[in-house]
file input23.cif (mmCIF, C-alpha atoms and all ligand atoms)
data_upload
#
loop_
_atom_site.group_PDB
_atom_site.id
_atom_site.type_symbol
_atom_site.label_atom_id
_atom_site.label_comp_id
_atom_site.auth_asym_id
_atom_site.auth_seq_id
_atom_site.Cartn_x
_atom_site.Cartn_y
_atom_site.Cartn_z
ATOM 1 C CA MET A 128 7.745 13.751 -53.163
ATOM 2 C CA LEU A 129 10.491 13.117 -50.637
ATOM 3 C CA LYS A 130 13.248 12.914 -53.259
ATOM 4 C CA GLU A 131 12.086 16.099 -54.999
ATOM 5 C CA CYS A 132 11.958 18.023 -51.684
ATOM 6 C CA ILE A 133 15.463 16.954 -50.669
ATOM 7 C CA GLU A 134 16.888 17.799 -54.102
ATOM 8 C CA ALA A 135 15.124 21.158 -54.035
ATOM 9 C CA LEU A 136 16.774 22.045 -50.703
ATOM 10 C CA ASN A 137 20.171 21.771 -52.434
ATOM 11 C CA ILE A 138 21.717 20.766 -49.103
ATOM 12 C CA ASN A 139 25.131 22.028 -48.032
ATOM 13 C CA PRO A 140 26.318 19.296 -45.607
ATOM 14 C CA GLU A 141 27.623 21.956 -43.220
ATOM 15 C CA GLY A 142 24.541 24.171 -43.421
ATOM 16 C CA THR A 143 21.649 24.800 -41.048
ATOM 17 C CA TYR A 144 18.232 23.528 -42.138
ATOM 18 C CA VAL A 145 14.695 23.733 -40.808
ATOM 19 C CA ASP A 146 11.841 21.256 -41.280
ATOM 20 C CA VAL A 147 8.762 23.010 -39.896
ATOM 21 C CA THR A 148 6.468 19.979 -40.324
ATOM 22 C CA PHE A 149 8.256 17.004 -38.729
ATOM 23 C CA GLY A 150 5.200 14.652 -38.713
ATOM 24 C CA GLY A 151 6.551 11.077 -38.824
ATOM 25 C CA GLY A 152 10.053 12.414 -39.457
ATOM 26 C CA GLY A 153 10.581 11.035 -42.991
ATOM 27 C CA HIS A 154 11.799 14.331 -44.462
ATOM 28 C CA SER A 155 13.816 15.230 -41.364
ATOM 29 C CA MET A 156 15.644 11.888 -41.465
ATOM 30 C CA ALA A 157 16.461 12.385 -45.149
ATOM 31 C CA ILE A 158 17.842 15.875 -44.429
ATOM 32 C CA LEU A 159 19.947 14.546 -41.538
ATOM 33 C CA GLU A 160 21.421 11.878 -43.825
ATOM 34 C CA ASN A 161 22.729 14.655 -46.048
ATOM 35 C CA LEU A 162 24.397 16.637 -43.249
ATOM 36 C CA ARG A 163 28.071 16.413 -42.237
ATOM 37 C CA GLY A 164 28.685 18.990 -39.563
ATOM 38 C CA GLY A 165 25.452 20.825 -40.343
ATOM 39 C CA ARG A 166 22.371 21.176 -38.193
ATOM 40 C CA LEU A 167 18.637 20.473 -38.464
ATOM 41 C CA ILE A 168 15.948 22.140 -36.382
ATOM 42 C CA SER A 169 12.507 20.563 -36.787
ATOM 43 C CA PHE A 170 9.122 21.783 -35.632
ATOM 44 C CA ASP A 171 5.752 20.174 -35.012
ATOM 45 C CA GLN A 172 2.988 21.142 -32.648
ATOM 46 C CA ASP A 173 1.713 17.586 -32.293
ATOM 47 C CA GLU A 174 2.506 15.502 -29.194
ATOM 48 C CA ASP A 175 2.860 12.247 -31.177
ATOM 49 C CA ALA A 176 5.326 13.932 -33.556
ATOM 50 C CA LYS A 177 7.335 14.981 -30.508
ATOM 51 C CA LYS A 178 7.457 11.369 -29.285
ATOM 52 C CA GLN A 179 8.625 10.279 -32.727
ATOM 53 C CA ALA A 180 11.302 13.001 -32.733
ATOM 54 C CA GLU A 181 12.606 11.785 -29.377
ATOM 55 C CA LEU A 182 13.677 8.567 -31.101
ATOM 56 C CA ILE A 183 16.236 10.478 -33.165
ATOM 57 C CA GLN A 184 19.549 10.414 -31.357
ATOM 58 C CA SER A 185 21.718 12.880 -33.227
ATOM 59 C CA ARG A 186 23.692 15.858 -31.980
ATOM 60 C CA SER A 187 22.886 17.624 -35.253
ATOM 61 C CA PHE A 188 19.158 17.498 -34.486
ATOM 62 C CA THR A 189 16.933 19.771 -32.379
ATOM 63 C CA PHE A 190 13.160 19.392 -32.070
ATOM 64 C CA CYS A 191 10.810 22.238 -31.110
ATOM 65 C CA GLN A 192 7.252 21.324 -30.168
ATOM 66 C CA ALA A 193 5.747 24.559 -31.410
ATOM 67 C CA ASN A 194 3.590 26.114 -34.067
ATOM 68 C CA PHE A 195 5.744 27.142 -37.026
ATOM 69 C CA MET A 196 4.184 30.597 -36.878
ATOM 70 C CA TYR A 197 6.757 31.146 -34.093
ATOM 71 C CA MET A 198 9.679 29.755 -36.114
ATOM 72 C CA LYS A 199 11.907 32.818 -35.849
ATOM 73 C CA LYS A 200 11.508 33.059 -32.079
ATOM 74 C CA TYR A 201 12.366 29.390 -31.528
ATOM 75 C CA LEU A 202 15.344 29.564 -33.872
ATOM 76 C CA LYS A 203 16.650 32.511 -31.852
ATOM 77 C CA LEU A 204 16.124 30.577 -28.599
ATOM 78 C CA ASN A 205 18.320 27.869 -30.111
ATOM 79 C CA GLY A 206 21.035 30.333 -31.102
ATOM 80 C CA VAL A 207 20.163 30.375 -34.810
ATOM 81 C CA SER A 208 19.732 33.656 -36.683
ATOM 82 C CA GLN A 209 20.278 32.466 -40.281
ATOM 83 C CA VAL A 210 19.468 29.207 -42.043
ATOM 84 C CA ASN A 211 20.313 27.693 -45.432
ATOM 85 C CA GLY A 212 17.030 26.005 -46.192
ATOM 86 C CA ILE A 213 13.473 25.593 -44.922
ATOM 87 C CA LEU A 214 11.047 22.799 -45.719
ATOM 88 C CA ALA A 215 7.287 22.855 -45.088
ATOM 89 C CA ASP A 216 5.110 19.833 -45.923
ATOM 90 C CA LEU A 217 1.768 21.365 -44.966
ATOM 91 C CA GLY A 218 -1.415 19.833 -43.613
ATOM 92 C CA ILE A 219 -1.831 16.711 -41.509
ATOM 93 C CA SER A 220 0.260 13.572 -41.322
ATOM 94 C CA SER A 221 -0.889 10.059 -42.195
ATOM 95 C CA HIS A 222 -0.508 9.194 -38.515
ATOM 96 C CA GLN A 223 -2.953 11.961 -37.567
ATOM 97 C CA ILE A 224 -5.495 10.992 -40.213
ATOM 98 C CA ASP A 225 -5.239 7.295 -39.342
ATOM 99 C CA SER A 226 -5.901 7.905 -35.608
ATOM 100 C CA PRO A 227 -9.706 7.793 -35.058
ATOM 101 C CA GLU A 228 -9.458 9.570 -31.697
ATOM 102 C CA ARG A 229 -8.079 12.703 -33.388
ATOM 103 C CA GLY A 230 -11.239 13.187 -35.444
ATOM 104 C CA PHE A 231 -9.473 14.151 -38.702
ATOM 105 C CA SER A 232 -10.791 11.275 -40.765
ATOM 106 C CA THR A 233 -14.163 10.791 -42.418
ATOM 107 C CA ARG A 234 -13.482 7.034 -42.398
ATOM 108 C CA PHE A 235 -13.891 6.400 -38.660
ATOM 109 C CA ASP A 236 -16.188 7.517 -35.916
ATOM 110 C CA GLY A 237 -14.326 9.633 -33.378
ATOM 111 C CA PRO A 238 -14.572 12.809 -31.342
ATOM 112 C CA LEU A 239 -14.825 15.993 -33.414
ATOM 113 C CA ASP A 240 -11.442 17.234 -32.234
ATOM 114 C CA MET A 241 -9.101 18.014 -35.210
ATOM 115 C CA ARG A 242 -6.585 19.995 -33.147
ATOM 116 C CA MET A 243 -2.992 19.398 -34.225
ATOM 117 C CA ASP A 244 -1.834 20.828 -30.907
ATOM 118 C CA GLN A 245 -3.742 18.761 -28.354
ATOM 119 C CA LYS A 246 -2.737 21.070 -25.501
ATOM 120 C CA GLY A 247 -5.323 23.738 -26.131
ATOM 121 C CA GLY A 248 -7.512 25.718 -28.488
ATOM 122 C CA THR A 249 -10.911 25.211 -30.017
ATOM 123 C CA SER A 250 -11.982 21.750 -31.191
ATOM 124 C CA ALA A 251 -14.089 21.121 -34.286
ATOM 125 C CA ALA A 252 -17.052 20.317 -32.006
ATOM 126 C CA ASP A 253 -16.688 23.674 -30.164
ATOM 127 C CA LEU A 254 -16.607 25.414 -33.505
ATOM 128 C CA LEU A 255 -19.661 23.596 -34.908
ATOM 129 C CA ASN A 256 -21.629 24.266 -31.716
ATOM 130 C CA SER A 257 -20.768 27.947 -31.351
ATOM 131 C CA TYR A 258 -20.013 29.623 -34.707
ATOM 132 C CA SER A 259 -22.716 31.714 -36.334
ATOM 133 C CA GLU A 260 -24.411 30.412 -39.470
ATOM 134 C CA ALA A 261 -22.688 33.156 -41.493
ATOM 135 C CA ASP A 262 -19.236 32.155 -40.217
ATOM 136 C CA LEU A 263 -19.885 28.464 -40.865
ATOM 137 C CA HIS A 264 -21.017 29.347 -44.386
ATOM 138 C CA LYS A 265 -17.823 31.345 -44.962
ATOM 139 C CA ILE A 266 -15.505 28.613 -43.666
ATOM 140 C CA LEU A 267 -17.180 25.764 -45.563
ATOM 141 C CA GLY A 268 -17.188 27.772 -48.782
ATOM 142 C CA MET A 269 -13.695 29.201 -48.511
ATOM 143 C CA TYR A 270 -11.687 26.350 -46.999
ATOM 144 C CA GLY A 271 -13.786 23.385 -48.143
ATOM 145 C CA GLU A 272 -14.824 24.835 -51.522
ATOM 146 C CA ILE A 273 -18.159 23.018 -51.215
ATOM 147 C CA LYS A 274 -20.896 24.293 -53.510
ATOM 148 C CA ASN A 275 -23.786 24.144 -51.035
ATOM 149 C CA ALA A 276 -21.938 25.800 -48.130
ATOM 150 C CA ARG A 277 -24.903 28.032 -47.259
ATOM 151 C CA THR A 278 -27.283 25.053 -46.971
ATOM 152 C CA ALA A 279 -24.702 23.044 -45.017
ATOM 153 C CA ALA A 280 -24.254 25.891 -42.506
ATOM 154 C CA LYS A 281 -28.018 26.118 -42.086
ATOM 155 C CA MET A 282 -28.334 22.367 -41.479
ATOM 156 C CA ILE A 283 -25.559 22.458 -38.867
ATOM 157 C CA VAL A 284 -27.217 25.291 -36.952
ATOM 158 C CA GLN A 285 -30.610 23.520 -37.065
ATOM 159 C CA GLN A 286 -29.120 20.230 -35.968
ATOM 160 C CA ARG A 287 -27.171 21.543 -32.986
ATOM 161 C CA VAL A 288 -30.336 22.898 -31.366
ATOM 162 C CA ASN A 289 -31.534 19.304 -30.900
ATOM 163 C CA LYS A 290 -28.189 17.782 -30.018
ATOM 164 C CA PRO A 291 -24.769 19.460 -29.882
ATOM 165 C CA PHE A 292 -22.136 17.964 -32.189
ATOM 166 C CA SER A 293 -19.591 15.693 -30.540
ATOM 167 C CA ARG A 294 -18.691 12.830 -32.926
ATOM 168 C CA THR A 295 -17.603 12.722 -36.562
ATOM 169 C CA GLU A 296 -20.574 10.451 -37.303
ATOM 170 C CA ASP A 297 -22.964 13.169 -35.975
ATOM 171 C CA LEU A 298 -21.627 15.600 -38.538
ATOM 172 C CA LYS A 299 -21.786 13.132 -41.402
ATOM 173 C CA ALA A 300 -25.339 12.142 -40.461
ATOM 174 C CA ALA A 301 -26.436 15.806 -40.327
ATOM 175 C CA LEU A 302 -25.030 16.530 -43.800
ATOM 176 C CA GLN A 303 -25.872 13.183 -45.425
ATOM 177 C CA PRO A 304 -29.170 14.508 -46.929
ATOM 178 C CA ILE A 305 -27.331 17.255 -48.852
ATOM 179 C CA ALA A 306 -24.162 15.338 -49.811
ATOM 180 C CA PRO A 307 -23.982 14.824 -53.605
ATOM 181 C CA ARG A 308 -25.101 11.278 -54.422
ATOM 182 C CA GLY A 309 -22.176 8.986 -55.234
ATOM 183 C CA LYS A 310 -19.682 11.682 -54.200
ATOM 184 C CA GLU A 311 -20.306 11.607 -50.453
ATOM 185 C CA PHE A 312 -16.739 10.661 -49.599
ATOM 186 C CA LYS A 313 -15.268 13.650 -51.426
ATOM 187 C CA TYR A 314 -17.915 15.970 -49.979
ATOM 188 C CA PHE A 315 -17.259 14.940 -46.367
ATOM 189 C CA ALA A 316 -13.492 15.157 -46.972
ATOM 190 C CA GLN A 317 -13.960 18.774 -48.096
ATOM 191 C CA VAL A 318 -16.146 19.595 -45.064
ATOM 192 C CA PHE A 319 -13.590 18.030 -42.705
ATOM 193 C CA GLN A 320 -10.774 19.890 -44.436
ATOM 194 C CA ALA A 321 -12.570 23.208 -43.951
ATOM 195 C CA LEU A 322 -13.070 22.580 -40.236
ATOM 196 C CA ARG A 323 -9.476 21.436 -39.763
ATOM 197 C CA ILE A 324 -8.101 24.566 -41.431
ATOM 198 C CA GLU A 325 -10.215 26.781 -39.178
ATOM 199 C CA VAL A 326 -9.534 24.794 -35.967
ATOM 200 C CA ASN A 327 -5.787 25.085 -36.529
ATOM 201 C CA THR A 328 -5.819 28.651 -37.977
ATOM 202 C CA GLU A 329 -3.754 27.220 -40.785
ATOM 203 C CA MET A 330 -3.929 30.226 -43.105
ATOM 204 C CA LYS A 331 -2.708 32.683 -40.475
ATOM 205 C CA ALA A 332 0.096 30.302 -39.437
ATOM 206 C CA LEU A 333 1.218 29.948 -43.064
ATOM 207 C CA GLU A 334 1.179 33.714 -43.635
ATOM 208 C CA ASP A 335 3.242 34.474 -40.514
ATOM 209 C CA PHE A 336 5.649 31.655 -41.297
ATOM 210 C CA LEU A 337 6.257 32.765 -44.889
ATOM 211 C CA HIS A 338 7.145 36.295 -43.799
ATOM 212 C CA GLN A 339 9.658 34.942 -41.290
ATOM 213 C CA CYS A 340 11.300 32.804 -44.006
ATOM 214 C CA GLY A 341 12.529 35.948 -45.744
ATOM 215 C CA GLU A 342 13.966 37.235 -42.454
ATOM 216 C CA VAL A 343 15.958 34.154 -41.440
ATOM 217 C CA MET A 344 17.074 32.740 -44.785
ATOM 218 C CA ALA A 345 20.709 33.216 -45.842
ATOM 219 C CA PRO A 346 21.353 34.354 -49.444
ATOM 220 C CA GLN A 347 20.863 31.466 -51.904
ATOM 221 C CA GLY A 348 19.007 29.533 -49.176
ATOM 222 C CA ARG A 349 16.092 27.465 -50.462
ATOM 223 C CA LEU A 350 12.457 27.633 -49.397
ATOM 224 C CA VAL A 351 10.626 24.393 -50.261
ATOM 225 C CA VAL A 352 6.884 24.267 -49.610
ATOM 226 C CA MET A 353 4.505 21.405 -50.353
ATOM 227 C CA SER A 354 0.835 22.331 -50.175
ATOM 228 C CA TYR A 355 -2.361 20.331 -50.710
ATOM 229 C CA HIS A 356 -5.007 23.026 -50.982
ATOM 230 C CA SER A 357 -5.506 25.731 -53.601
ATOM 231 C CA LEU A 358 -5.680 28.549 -51.033
ATOM 232 C CA GLU A 359 -2.379 27.499 -49.476
ATOM 233 C CA ASP A 360 -0.729 27.149 -52.851
ATOM 234 C CA ARG A 361 -1.994 30.581 -53.906
ATOM 235 C CA MET A 362 -0.497 32.153 -50.776
ATOM 236 C CA VAL A 363 2.857 30.450 -51.326
ATOM 237 C CA LYS A 364 2.879 31.342 -55.012
ATOM 238 C CA ASN A 365 2.069 34.990 -54.342
ATOM 239 C CA PHE A 366 4.600 35.249 -51.536
ATOM 240 C CA ILE A 367 7.376 33.957 -53.791
ATOM 241 C CA LYS A 368 6.310 36.277 -56.595
ATOM 242 C CA THR A 369 5.756 39.446 -54.571
ATOM 243 C CA GLY A 370 7.067 39.016 -51.015
ATOM 244 C CA LYS A 371 3.484 39.200 -49.740
ATOM 245 C CA VAL A 372 0.733 36.605 -49.481
ATOM 246 C CA PHE A 373 -1.807 39.056 -50.921
ATOM 247 C CA GLY A 374 -1.245 41.994 -53.245
ATOM 248 C CA GLU A 375 1.373 43.332 -55.610
ATOM 249 C CA VAL A 376 5.133 43.499 -55.334
ATOM 250 C CA GLU A 377 6.510 46.812 -54.005
ATOM 251 C CA LYS A 378 9.340 48.632 -55.797
ATOM 252 C CA ASP A 379 12.092 50.829 -54.424
ATOM 253 C CA PHE A 380 12.948 54.340 -55.599
ATOM 254 C CA TYR A 381 14.882 52.930 -58.585
ATOM 255 C CA GLY A 382 12.120 50.565 -59.641
ATOM 256 C CA ASN A 383 13.770 47.435 -58.225
ATOM 257 C CA GLU A 384 11.345 44.883 -56.841
ATOM 258 C CA ILE A 385 11.449 44.495 -53.052
ATOM 259 C CA LYS A 386 10.980 40.797 -52.411
ATOM 260 C CA PRO A 387 13.084 38.195 -50.626
ATOM 261 C CA PHE A 388 12.738 35.198 -52.974
ATOM 262 C CA GLU A 389 12.989 34.242 -56.628
ATOM 263 C CA ALA A 390 11.154 31.172 -57.898
ATOM 264 C CA VAL A 391 13.425 28.263 -58.852
ATOM 265 C CA THR A 392 10.681 26.446 -60.749
ATOM 266 C CA ARG A 393 8.135 28.617 -62.529
ATOM 267 C CA LYS A 394 5.390 25.991 -62.264
ATOM 268 C CA PRO A 395 4.785 23.887 -59.164
ATOM 269 C CA VAL A 396 6.192 20.356 -59.225
ATOM 270 C CA GLU A 397 3.478 17.690 -58.999
ATOM 271 C CA ALA A 398 3.657 14.036 -58.016
ATOM 272 C CA SER A 399 4.312 11.386 -60.646
ATOM 273 C CA GLU A 400 1.502 8.991 -61.670
ATOM 274 C CA GLU A 401 3.256 6.172 -59.798
ATOM 275 C CA GLU A 402 3.374 8.196 -56.582
ATOM 276 C CA VAL A 403 -0.313 9.146 -56.900
ATOM 277 C CA GLU A 404 -1.149 5.467 -57.345
ATOM 278 C CA SER A 405 0.615 4.476 -54.133
ATOM 279 C CA ASN A 406 -0.374 7.577 -52.141
ATOM 280 C CA ASN A 407 -3.692 9.218 -52.973
ATOM 281 C CA ARG A 408 -2.846 12.325 -50.938
ATOM 282 C CA ALA A 409 -0.051 13.133 -53.416
ATOM 283 C CA ARG A 410 -2.744 13.798 -56.063
ATOM 284 C CA SER A 411 -3.284 17.361 -54.856
ATOM 285 C CA ALA A 412 0.316 18.065 -53.772
ATOM 286 C CA LYS A 413 2.040 21.106 -55.239
ATOM 287 C CA LEU A 414 5.692 21.691 -54.534
ATOM 288 C CA ARG A 415 7.088 25.223 -54.859
ATOM 289 C CA VAL A 416 10.740 26.072 -54.582
ATOM 290 C CA ALA A 417 12.321 29.508 -54.209
ATOM 291 C CA GLU A 418 15.786 30.898 -53.543
ATOM 292 C CA ARG A 419 16.668 33.773 -51.240
ATOM 293 C CA ILE A 420 17.861 36.809 -53.182
ATOM 294 C CA GLU A 421 20.813 38.776 -51.833
ATOM 295 C CA ASP A 422 19.657 41.998 -50.121
ATOM 296 C CA ARG A 423 20.582 45.135 -52.069
ATOM 297 C CA LYS A 424 23.257 47.267 -50.414
HETATM 298 C C1 LIG A 501 2.067 16.402 -43.889
HETATM 299 S S1 LIG A 501 2.649 16.190 -42.257
HETATM 300 C C2 LIG A 501 4.384 16.176 -42.442
HETATM 301 C C3 LIG A 501 4.943 14.845 -42.761
HETATM 302 C C4 LIG A 501 6.460 14.818 -42.723
HETATM 303 N N1 LIG A 501 7.019 15.595 -43.788
HETATM 304 C C5 LIG A 501 7.010 13.410 -42.746
HETATM 305 O O1 LIG A 501 8.014 13.187 -43.436
HETATM 306 O O2 LIG A 501 6.485 12.547 -42.038
HETATM 307 C C6 LIG A 501 2.393 17.769 -41.542
HETATM 308 C C7 LIG A 501 2.810 17.871 -40.083
HETATM 309 O O3 LIG A 501 2.941 19.246 -39.797
HETATM 310 C C8 LIG A 501 2.373 19.555 -38.571
HETATM 311 N N2 LIG A 501 1.905 20.936 -38.648
HETATM 312 C C9 LIG A 501 0.980 21.446 -39.504
HETATM 313 N N3 LIG A 501 0.823 22.757 -39.300
HETATM 314 C C10 LIG A 501 1.689 23.099 -38.306
HETATM 315 C C11 LIG A 501 2.008 24.320 -37.662
HETATM 316 N N4 LIG A 501 1.381 25.470 -37.978
HETATM 317 N N5 LIG A 501 2.959 24.309 -36.719
HETATM 318 C C12 LIG A 501 3.598 23.147 -36.380
HETATM 319 N N6 LIG A 501 3.327 21.967 -36.934
HETATM 320 C C13 LIG A 501 2.393 21.932 -37.898
HETATM 321 C C14 LIG A 501 1.264 18.550 -38.360
HETATM 322 O O4 LIG A 501 1.047 18.338 -36.984
HETATM 323 C C15 LIG A 501 1.812 17.319 -39.070
HETATM 324 O O5 LIG A 501 2.465 16.460 -38.168
#

call {"tool": "encode", "arguments": {"input": "input23.cif", "output": "structure tokens"}}
result
Amino acid sequence: MLKECIEALNINPEGTYVDVTFGGGGHSMAILENLRGGRLISFDQDEDAKKQAELIQSRSFTFCQANFMYMKKYLKLNGVSQVNGILADLGISSHQIDSPERGFSTRFDGPLDMRMDQKGGTSAADLLNSYSEADLHKILGMYGEIKNARTAAKMIVQQRVNKPFSRTEDLKAALQPIAPRGKEFKYFAQVFQALRIEVNTEMKALEDFLHQCGEVMAPQGRLVVMSYHSLEDRMVKNFIKTGKVFGEVEKDFYGNEIKPFEAVTRKPVEASEEEVESNNRARSAKLRVAERIEDRK
């Protein structure tokens, strides 16, 4: 949904824009093409994304290899206090999923890594070998939405006593007996998704990021977020509606709602049938667009 994202940003050629999920740089390049005198600051925590960003030779472009949960801090370091639009295309890139050594894909055997930031943190193998059964149950149920999360957590804990998890094939073999027949691919994809979300603390990063969007966005600036998971979409939806990722909107003394954004599209935009045909990942994509409201005096 490249075209939809760029249109939703409503780009002012002289404005300052942020792409917090650079990935392969497709969206960033499209934003840069629309700038004349403006500026783009892109983020990604992944080393390969950084290498890709280094290929862009433009004075309008700055790349920050950082988690977007620190967006405001990095913008300040680059002399930016207000921006006119922010884009987030959440999740992992096709490059990450197609690289067996990163461990994101159910299609190849590889190390159970799944870290977007390869410089540190807990890998999927560390998590599988150390988390309690109760925590594994919670993660698989909440982030993977698998129906037999309790049984899966139990199998993982039993399995690791014999041999600690290290490869993606180990995990698939351990869960093969309880994967729904004929739907194994979907089941493993959900399990991998759950682990990836936990490894990269994706929910916390999204929450912190959303709050900072209200703080740095100029009036009428656009927030454009593409999510691929119902929990993410719920957080984005609620933030736009209430100014918080959980809970109700607060009101001031006069009954005015205190929230930074107003939705531009009431319902999320979804990919066309053609796009889903050419890119299966687009099937679950939900695009939400909101505009910064002017602060009351
Ligand atoms: C779906 S891809 C983005 C693809 C990109 N829009 C393009 O045109 O190629 C998501 C990217 O965001 C990065 N990412 C995800 N969460 C992040 C976070 N919290 N901080 C920084 N980068 C993140 C991933 O490393 C990945 O490269």

call {"tool": "resolve_selection", "arguments": {"input": "input23.cif", "expression": "the PyMOL selection byres (((chain A and resi 299-311) around 7) and not hetatm)", "output": "PDB file with C-alpha atoms, in the frame of the given file"}}
result
ATOM      1  CA  ALA A 279     -24.702  23.044 -45.017  1.00  0.00           C
ATOM      2  CA  MET A 282     -28.334  22.367 -41.479  1.00  0.00           C
ATOM      3  CA  ILE A 283     -25.559  22.458 -38.867  1.00  0.00           C
ATOM      4  CA  GLN A 286     -29.120  20.230 -35.968  1.00  0.00           C
ATOM      5  CA  THR A 295     -17.603  12.722 -36.562  1.00  0.00           C
ATOM      6  CA  GLU A 296     -20.574  10.451 -37.303  1.00  0.00           C
ATOM      7  CA  ASP A 297     -22.964  13.169 -35.975  1.00  0.00           C
ATOM      8  CA  LEU A 298     -21.627  15.600 -38.538  1.00  0.00           C
ATOM      9  CA  PHE A 312     -16.739  10.661 -49.599  1.00  0.00           C
ATOM     10  CA  LYS A 313     -15.268  13.650 -51.426  1.00  0.00           C
ATOM     11  CA  TYR A 314     -17.915  15.970 -49.979  1.00  0.00           C
ATOM     12  CA  PHE A 315     -17.259  14.940 -46.367  1.00  0.00           C
TER      13      PHE A 315
END

call {"tool": "axis_aligned_box", "arguments": {"input": "input23.cif", "around": "segment 315-328 of chain A", "padding_each_side": "8 Å", "output": "AutoDock Vina command-line options"}}
result
--center_x -11.5 --center_y 21.8 --center_z -42.0 --size_x 27.5 --size_y 29.7 --size_z 28.1

call {"tool": "resolve_selection", "arguments": {"input": "input23.cif", "expression": "the PyMOL selection byres (((chain A and resi 356) around 12) and not hetatm)", "output": "PDB file with C-alpha atoms, in the coordinates of the input"}}
result
ATOM      1  CA  ASP A 216       5.110  19.833 -45.923  1.00  0.00           C
ATOM      2  CA  LEU A 217       1.768  21.365 -44.966  1.00  0.00           C
ATOM      3  CA  GLY A 218      -1.415  19.833 -43.613  1.00  0.00           C
ATOM      4  CA  ILE A 219      -1.831  16.711 -41.509  1.00  0.00           C
ATOM      5  CA  MET A 269     -13.695  29.201 -48.511  1.00  0.00           C
ATOM      6  CA  TYR A 270     -11.687  26.350 -46.999  1.00  0.00           C
ATOM      7  CA  GLY A 271     -13.786  23.385 -48.143  1.00  0.00           C
ATOM      8  CA  GLU A 272     -14.824  24.835 -51.522  1.00  0.00           C
ATOM      9  CA  GLN A 317     -13.960  18.774 -48.096  1.00  0.00           C
ATOM     10  CA  GLN A 320     -10.774  19.890 -44.436  1.00  0.00           C
ATOM     11  CA  ALA A 321     -12.570  23.208 -43.951  1.00  0.00           C
ATOM     12  CA  ILE A 324      -8.101  24.566 -41.431  1.00  0.00           C
ATOM     13  CA  GLU A 329      -3.754  27.220 -40.785  1.00  0.00           C
ATOM     14  CA  MET A 330      -3.929  30.226 -43.105  1.00  0.00           C
ATOM     15  CA  MET A 353       4.505  21.405 -50.353  1.00  0.00           C
ATOM     16  CA  SER A 354       0.835  22.331 -50.175  1.00  0.00           C
ATOM     17  CA  TYR A 355      -2.361  20.331 -50.710  1.00  0.00           C
ATOM     18  CA  SER A 357      -5.506  25.731 -53.601  1.00  0.00           C
ATOM     19  CA  LEU A 358      -5.680  28.549 -51.033  1.00  0.00           C
ATOM     20  CA  GLU A 359      -2.379  27.499 -49.476  1.00  0.00           C
ATOM     21  CA  ASP A 360      -0.729  27.149 -52.851  1.00  0.00           C
ATOM     22  CA  ARG A 361      -1.994  30.581 -53.906  1.00  0.00           C
ATOM     23  CA  MET A 362      -0.497  32.153 -50.776  1.00  0.00           C
ATOM     24  CA  VAL A 363       2.857  30.450 -51.326  1.00  0.00           C
ATOM     25  CA  ARG A 408      -2.846  12.325 -50.938  1.00  0.00           C
ATOM     26  CA  ALA A 409      -0.051  13.133 -53.416  1.00  0.00           C
ATOM     27  CA  ARG A 410      -2.744  13.798 -56.063  1.00  0.00           C
ATOM     28  CA  SER A 411      -3.284  17.361 -54.856  1.00  0.00           C
ATOM     29  CA  ALA A 412       0.316  18.065 -53.772  1.00  0.00           C
ATOM     30  CA  LYS A 413       2.040  21.106 -55.239  1.00  0.00           C
ATOM     31  CA  LEU A 414       5.692  21.691 -54.534  1.00  0.00           C
TER      32      LEU A 414
END

call {"tool": "closest_residue", "arguments": {"input": "input23.cif", "among": "A:Gly374, A:Gly152, A:Gly341, A:Pro140", "to": "ligand LIG 501 (chain A)", "atoms": "all atoms listed in the file"}}
result
A:Gly152

call {"tool": "residues_around", "arguments": {"input": "input23.cif", "residues": "Ser220 of chain A", "least_positions_apart": "2", "cutoff": "6 Å", "atoms": "all atoms listed in the file", "output": "ChimeraX atom specification"}}
result
/A:150,222-223

call {"tool": "atom_distance", "arguments": {"input": "input23.cif", "atom1": "atom CA of Val207 of chain A", "atom2": "atom CA of Val352 of chain A"}}
result
20.8 Å

call {"tool": "residues_around", "arguments": {"input": "input23.cif", "residues": "segment 227-240 of chain A", "least_positions_apart": "4", "cutoff": "6 Å", "atoms": "only C-alpha atoms", "output": "compact mmCIF listing (two decimals) with C-alpha atoms, in the coordinates of the input"}}
result
# COMPACT_ATOMS: atom_id res chain seq x y z
CA SER A 250 -11.98 21.75 -31.19
CA ALA A 251 -14.09 21.12 -34.29
CA ALA A 252 -17.05 20.32 -32.01
CA SER A 293 -19.59 15.69 -30.54
CA ARG A 294 -18.69 12.83 -32.93
CA THR A 295 -17.60 12.72 -36.56
CA GLU A 296 -20.57 10.45 -37.30

call {"tool": "residues_around", "arguments": {"input": "input23.cif", "residues": "Tyr197 of chain A", "least_positions_apart": "2", "cutoff": "10 Å", "atoms": "all atoms listed in the file", "output": "CSV table (one decimal) with C-alpha atoms, keeping the file's coordinate frame"}}
result
chain,number,residue,atom,x,y,z
A,170,PHE,CA,9.1,21.8,-35.6
A,193,ALA,CA,5.7,24.6,-31.4
A,194,ASN,CA,3.6,26.1,-34.1
A,195,PHE,CA,5.7,27.1,-37.0
A,199,LYS,CA,11.9,32.8,-35.8
A,200,LYS,CA,11.5,33.1,-32.1
A,201,TYR,CA,12.4,29.4,-31.5
A,202,LEU,CA,15.3,29.6,-33.9
A,332,ALA,CA,0.1,30.3,-39.4
A,335,ASP,CA,3.2,34.5,-40.5
A,336,PHE,CA,5.6,31.7,-41.3
A,339,GLN,CA,9.7,34.9,-41.3

call {"tool": "closest_residue", "arguments": {"input": "input23.cif", "among": "A:Ala180, A:Ala280, A:Met241, A:Leu136", "to": "Thr148 of chain A", "atoms": "all atoms listed in the file"}}
result
A:Ala180
